[in-house]
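Asks: Got entry.tsv for you, TSV, C-alpha atoms:
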```tsv
chain	number	residue	atom	x	y	z
A	146	MET	CA	11.13	49.52	2.55
A	147	ASN	CA	7.48	48.91	3.39
A	148	ALA	CA	5.76	45.59	2.92
A	149	LYS	CA	2.08	44.78	3.18
A	150	LEU	CA	1.38	41.91	5.58
A	151	SER	CA	-1.48	39.46	5.11
A	152	ILE	CA	-2.70	36.83	7.52
A	153	GLU	CA	-3.86	33.76	5.57
A	154	THR	CA	-5.44	30.56	6.80
A	155	THR	CA	-5.48	28.99	3.33
A	156	PRO	CA	-2.21	30.12	1.75
A	157	GLN	CA	-1.58	29.46	-1.91
A	158	PRO	CA	0.64	26.39	-2.39
A	159	SER	CA	2.87	28.46	-4.68
A	160	ASP	CA	3.48	30.94	-1.85
A	161	VAL	CA	4.44	28.16	0.56
A	162	GLU	CA	6.73	26.68	-2.11
A	163	ALA	CA	8.33	30.12	-2.53
A	164	LEU	CA	9.15	30.16	1.20
A	165	ALA	CA	10.76	26.73	0.99
A	166	GLU	CA	12.71	27.75	-2.11
A	167	GLY	CA	13.93	30.91	-0.39
A	168	LEU	CA	15.17	28.85	2.55
A	169	ASN	CA	16.77	26.34	0.18
A	170	GLN	CA	18.67	29.08	-1.61
A	171	TYR	CA	19.80	30.57	1.68
A	172	GLY	CA	21.02	27.19	2.98
A	173	LEU	CA	22.65	25.81	-0.17
A	174	PRO	CA	26.04	27.46	0.41
A	175	THR	CA	26.20	25.70	3.77
A	176	THR	CA	24.44	22.40	3.10
A	177	GLY	CA	25.21	21.81	-0.58
A	178	THR	CA	21.81	20.10	-0.88
A	179	ALA	CA	18.28	21.40	-1.10
A	180	GLY	CA	15.91	20.56	1.76
A	181	PHE	CA	12.13	20.47	2.01
A	182	GLN	CA	11.70	17.54	-0.35
A	183	PRO	CA	8.23	16.04	0.23
A	184	LEU	CA	7.87	12.36	0.98
A	185	ALA	CA	4.63	10.49	1.64
A	186	VAL	CA	3.20	7.00	2.01
A	187	PHE	CA	-0.54	6.41	1.54
A	188	ALA	CA	-2.64	3.34	2.32
A	189	ARG	CA	-5.88	2.82	0.42
A	190	ASP	CA	-8.59	0.20	0.63
A	191	ARG	CA	-9.82	-1.87	-2.34
A	192	ASP	CA	-12.05	0.99	-3.43
A	193	GLY	CA	-9.20	3.49	-3.37
A	194	ALA	CA	-10.35	5.29	-0.22
A	195	LEU	CA	-7.58	6.61	1.99
A	196	VAL	CA	-7.30	4.59	5.22
A	197	GLY	CA	-3.95	5.86	6.45
A	198	GLY	CA	-0.72	7.49	5.57
A	199	ALA	CA	2.18	9.68	6.50
A	200	HIS	CA	3.64	12.84	5.05
A	201	GLY	CA	6.88	14.61	5.74
A	202	GLN	CA	9.88	16.33	4.31
A	203	VAL	CA	13.44	15.25	3.70
A	204	ASN	CA	15.81	17.93	4.88
A	205	TRP	CA	19.37	16.92	4.05
A	206	ASN	CA	19.98	13.74	6.09
A	207	TRP	CA	16.84	14.05	8.23
A	208	LEU	CA	13.23	13.12	7.65
A	209	PHE	CA	10.63	15.21	9.45
A	210	VAL	CA	7.27	13.44	9.74
A	211	SER	CA	4.64	16.16	9.88
A	212	LEU	CA	1.47	14.08	9.49
A	213	PHE	CA	0.70	10.45	10.37
A	214	TRP	CA	-2.82	9.04	10.48
A	215	VAL	CA	-4.55	5.67	10.40
A	216	SER	CA	-8.35	5.44	10.24
A	217	PRO	CA	-9.93	4.23	13.49
A	218	ALA	CA	-11.15	0.99	11.86
A	219	ARG	CA	-7.58	0.15	10.75
A	220	ARG	CA	-5.76	0.92	14.03
A	221	HIS	CA	-4.15	-2.00	15.88
A	222	THR	CA	-4.01	-4.05	12.67
A	223	GLY	CA	-0.35	-3.48	11.84
A	224	LEU	CA	-1.11	-0.93	9.13
A	225	GLY	CA	0.53	1.92	11.04
A	226	SER	CA	3.71	-0.12	11.46
A	227	LYS	CA	3.76	-0.90	7.73
A	228	ILE	CA	3.30	2.77	6.84
A	229	LEU	CA	6.07	3.83	9.22
A	230	ALA	CA	8.45	1.14	7.94
A	231	ALA	CA	7.79	2.14	4.32
A	232	LEU	CA	8.35	5.82	5.11
A	233	GLU	CA	11.59	5.09	6.96
A	234	ALA	CA	12.83	2.87	4.11
A	235	ALA	CA	12.06	5.59	1.55
A	236	ALA	CA	13.90	8.11	3.74
A	237	ARG	CA	16.96	5.84	3.94
A	238	GLU	CA	16.94	5.52	0.14
A	239	ARG	CA	17.10	9.32	0.00
A	240	GLY	CA	20.13	9.44	2.30
A	241	CYS	CA	18.40	10.09	5.61
A	242	THR	CA	20.20	8.86	8.70
A	243	ASN	CA	17.70	10.28	11.22
A	244	VAL	CA	14.00	10.99	11.56
A	245	HIS	CA	12.08	13.26	13.90
A	246	LEU	CA	8.41	13.91	14.60
A	247	ASP	CA	6.11	15.07	17.33
A	248	THR	CA	3.05	13.60	19.00
A	249	PHE	CA	0.80	14.43	21.93
A	250	SER	CA	0.13	12.68	25.23
A	251	PHE	CA	-3.31	11.63	23.92
A	252	GLN	CA	-1.87	10.26	20.69
A	253	ALA	CA	0.78	7.76	19.64
A	254	ARG	CA	3.87	8.09	21.86
A	255	PRO	CA	3.83	4.36	22.85
A	256	PHE	CA	3.49	3.38	19.16
A	257	TYR	CA	6.58	5.38	18.23
A	258	GLU	CA	8.54	4.11	21.23
A	259	ARG	CA	7.82	0.52	20.13
A	260	HIS	CA	9.43	1.47	16.82
A	261	GLY	CA	12.62	2.83	18.37
A	262	TYR	CA	11.78	6.52	18.80
A	263	THR	CA	12.87	8.38	21.92
A	264	VAL	CA	11.69	11.66	23.40
A	265	PHE	CA	14.23	14.47	23.20
A	266	ALA	CA	11.99	17.33	24.32
A	267	GLU	CA	8.49	18.03	25.53
A	268	LEU	CA	6.17	20.93	26.08
A	269	GLU	CA	3.79	20.87	29.03
A	270	ASP	CA	0.20	22.06	28.88
A	271	TYR	CA	0.09	21.80	25.07
A	272	PRO	CA	-2.84	21.58	24.58
A	273	PRO	CA	-4.07	22.47	28.07
A	274	GLY	CA	-3.86	19.45	30.34
A	275	HIS	CA	-1.64	17.49	27.92
A	276	ARG	CA	1.92	17.37	26.62
A	277	ARG	CA	3.56	17.56	23.23
A	278	PHE	CA	6.49	15.16	22.75
A	279	PHE	CA	9.28	15.64	20.24
A	280	MET	CA	10.80	12.32	19.23
A	281	ARG	CA	13.69	11.10	17.14
A	282	LYS	CA	15.16	7.91	15.78
A	283	MET	CA	18.48	7.08	14.19
A	284	LEU	CA	17.93	5.15	10.97
A	285	GLY	CA	20.14	2.31	9.86
A	286	PRO	CA	21.64	2.14	6.37
A	287	ALA	CA	19.45	1.69	3.28
A	288	GLY	CA	18.10	-1.85	3.18
A	289	GLY	CA	18.45	-2.20	6.97
A	290	ALA	CA	16.14	-1.69	9.91
```
Can you turn what I pasted into structure tokens?
Replies:
Amino acid sequence: MNAKLSIETTPQPSDVEALAEGLNQYGLPTTGTAGFQPLAVFARDRDGALVGGAHGQVNWNWLFVSLFWVSPARRHTGLGSKILAALEAAARERGCTNVHLDTFSFQARPFYERHGYTVFAELEDYPPGHRRFFMRKMLGPAGGA
């Protein structure tokens, strides 16, 4: 069977959702639960402008944090810690017992380590001259830290 391939830099959200749904259907006999459930926390100023946030996906008992950002003016104010704590609490409420993410040597590894994350793998020279760190943390029960 032939299939036409397309390379897309701005894929349709419905196509990406179809990929996730296909993986969910494939995994359901093994996991019993759908994965790829989005979860996000956003921080906004008084005017409603986004000043930070985090986005990820709940996959069974794990949260994967794919995006985490705090505006430069709001860094070192405690906002990042509040966002991370809120995201972890929401993950616990959804049955997550673990969380994983990645960061780079020029980004937030020390921040995550202060919050209990440990490196379990790294890639050298990614991007050139730097390293990419893969980190994880075991979450406590819902309502705990």
Asks: Which residue, A:His200, A:Arg191, A:His260, A:Arg254, has the smallest gap to A:Lys227 when you use all atoms listed in the file?
Replies: A:His260
Asks: What's around A:Gly225 at 8 Å? Count all atoms listed in the file, leave out sequence neighbours fewer than 4 positions away in its own chain, and write the answer as an NGL selection string.
Replies: :A and (197-198 or 214-215 or 220-221 or 229)
Asks: Would you save the residues from that selection as a CSV table (one decimal), in the frame of the given file, using C-alpha atoms?
Replies:
```csv
chain,number,residue,atom,x,y,z
A,197,GLY,CA,-4.0,5.9,6.4
A,198,GLY,CA,-0.7,7.5,5.6
A,214,TRP,CA,-2.8,9.0,10.5
A,215,VAL,CA,-4.6,5.7,10.4
A,220,ARG,CA,-5.8,0.9,14.0
A,221,HIS,CA,-4.2,-2.0,15.9
A,229,LEU,CA,6.1,3.8,9.2
```
Asks: Have a look at A:Pro158, A:Ala253, A:Asp247, A:Met283 and name the one nearest to A:Leu268; count all atoms listed in the file.
Replies: A:Asp247
Asks: Looking at only C-alpha atoms, which of A:Leu208, A:Val264, A:Met280, A:Val186 is the one that sits closest to A:Leu224?
Replies: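 Closest residue, counting only C-alpha atoms: A:Val186.
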Asks: Report, in Å to a single decimal, how far apart atom CA of A:Val203 and atom CA of A:Ala230 are.
Replies: 15.6 Å
Asks: Which distance in Å separates atom CA of A:Asp192 and atom CA of A:Ala235, to one decimal?
Replies: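 Atom-to-atom, atom CA of A:Asp192 and atom CA of A:Ala235 are spaced 25.0 Å apart.
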Asks: Excluding same-chain residues fewer than 6 positions from A:Phe249, what lies within 12 Å of it counting only C-alpha atoms, as a list in words?
Replies: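 Everything that qualifies: Pro255, Phe256, Tyr257, Val264, Ala266, Glu267, Leu268, Glu269, Asp270, Tyr271, Pro272, Pro273, Gly274, His275, Arg276, Arg277, Phe278, Phe279 and Met280 of chain A.
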Asks: So the first atom is atom CA of A:Asn204 and the second is atom CA of A:Arg189; what is the distance between them in Å, to one decimal place?
Replies: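 Distance reported for this atom pair: 26.8 Å.
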Asks: Of the candidates A:Pro286, A:Ala165, A:Asn243, A:Val196, which shows the shortest atom-to-atom distance to A:Phe181, using only C-alpha atoms?
Replies: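 Ranking A:Pro286, A:Ala165, A:Asn243, A:Val196 by distance to A:Phe181, first place goes to A:Ala165.
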Asks: Go through A:Asp160, A:Gly261, A:Arg239, A:Leu212 one by one, measure the shortest atom-to-atom distance of each to A:Gln182 using all atoms listed in the file, and give the residue with the smallest value.
Replies: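 Of all the options, A:Arg239 lies closest to A:Gln182.
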Asks: Rank nothing, just name the residue among A:Pro156, A:Pro217, A:Pro183, A:Gly193 nearest to A:Leu232, using all atoms listed in the file.
Replies: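 Counting all atoms listed in the file, the residue closest to A:Leu232 is A:Pro183.
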Asks: Return as JSON the centre and edge lengths, in Å with one decimal, of the box along x, y and z that encloses every atom of stretch 223-231 of chain A in the file, padded by 5 Å per side.
Replies:
```
{"center_x": 3.7, "center_y": 0.2, "center_z": 8.1, "size_x": 19.6, "size_y": 17.3, "size_z": 17.5}
```
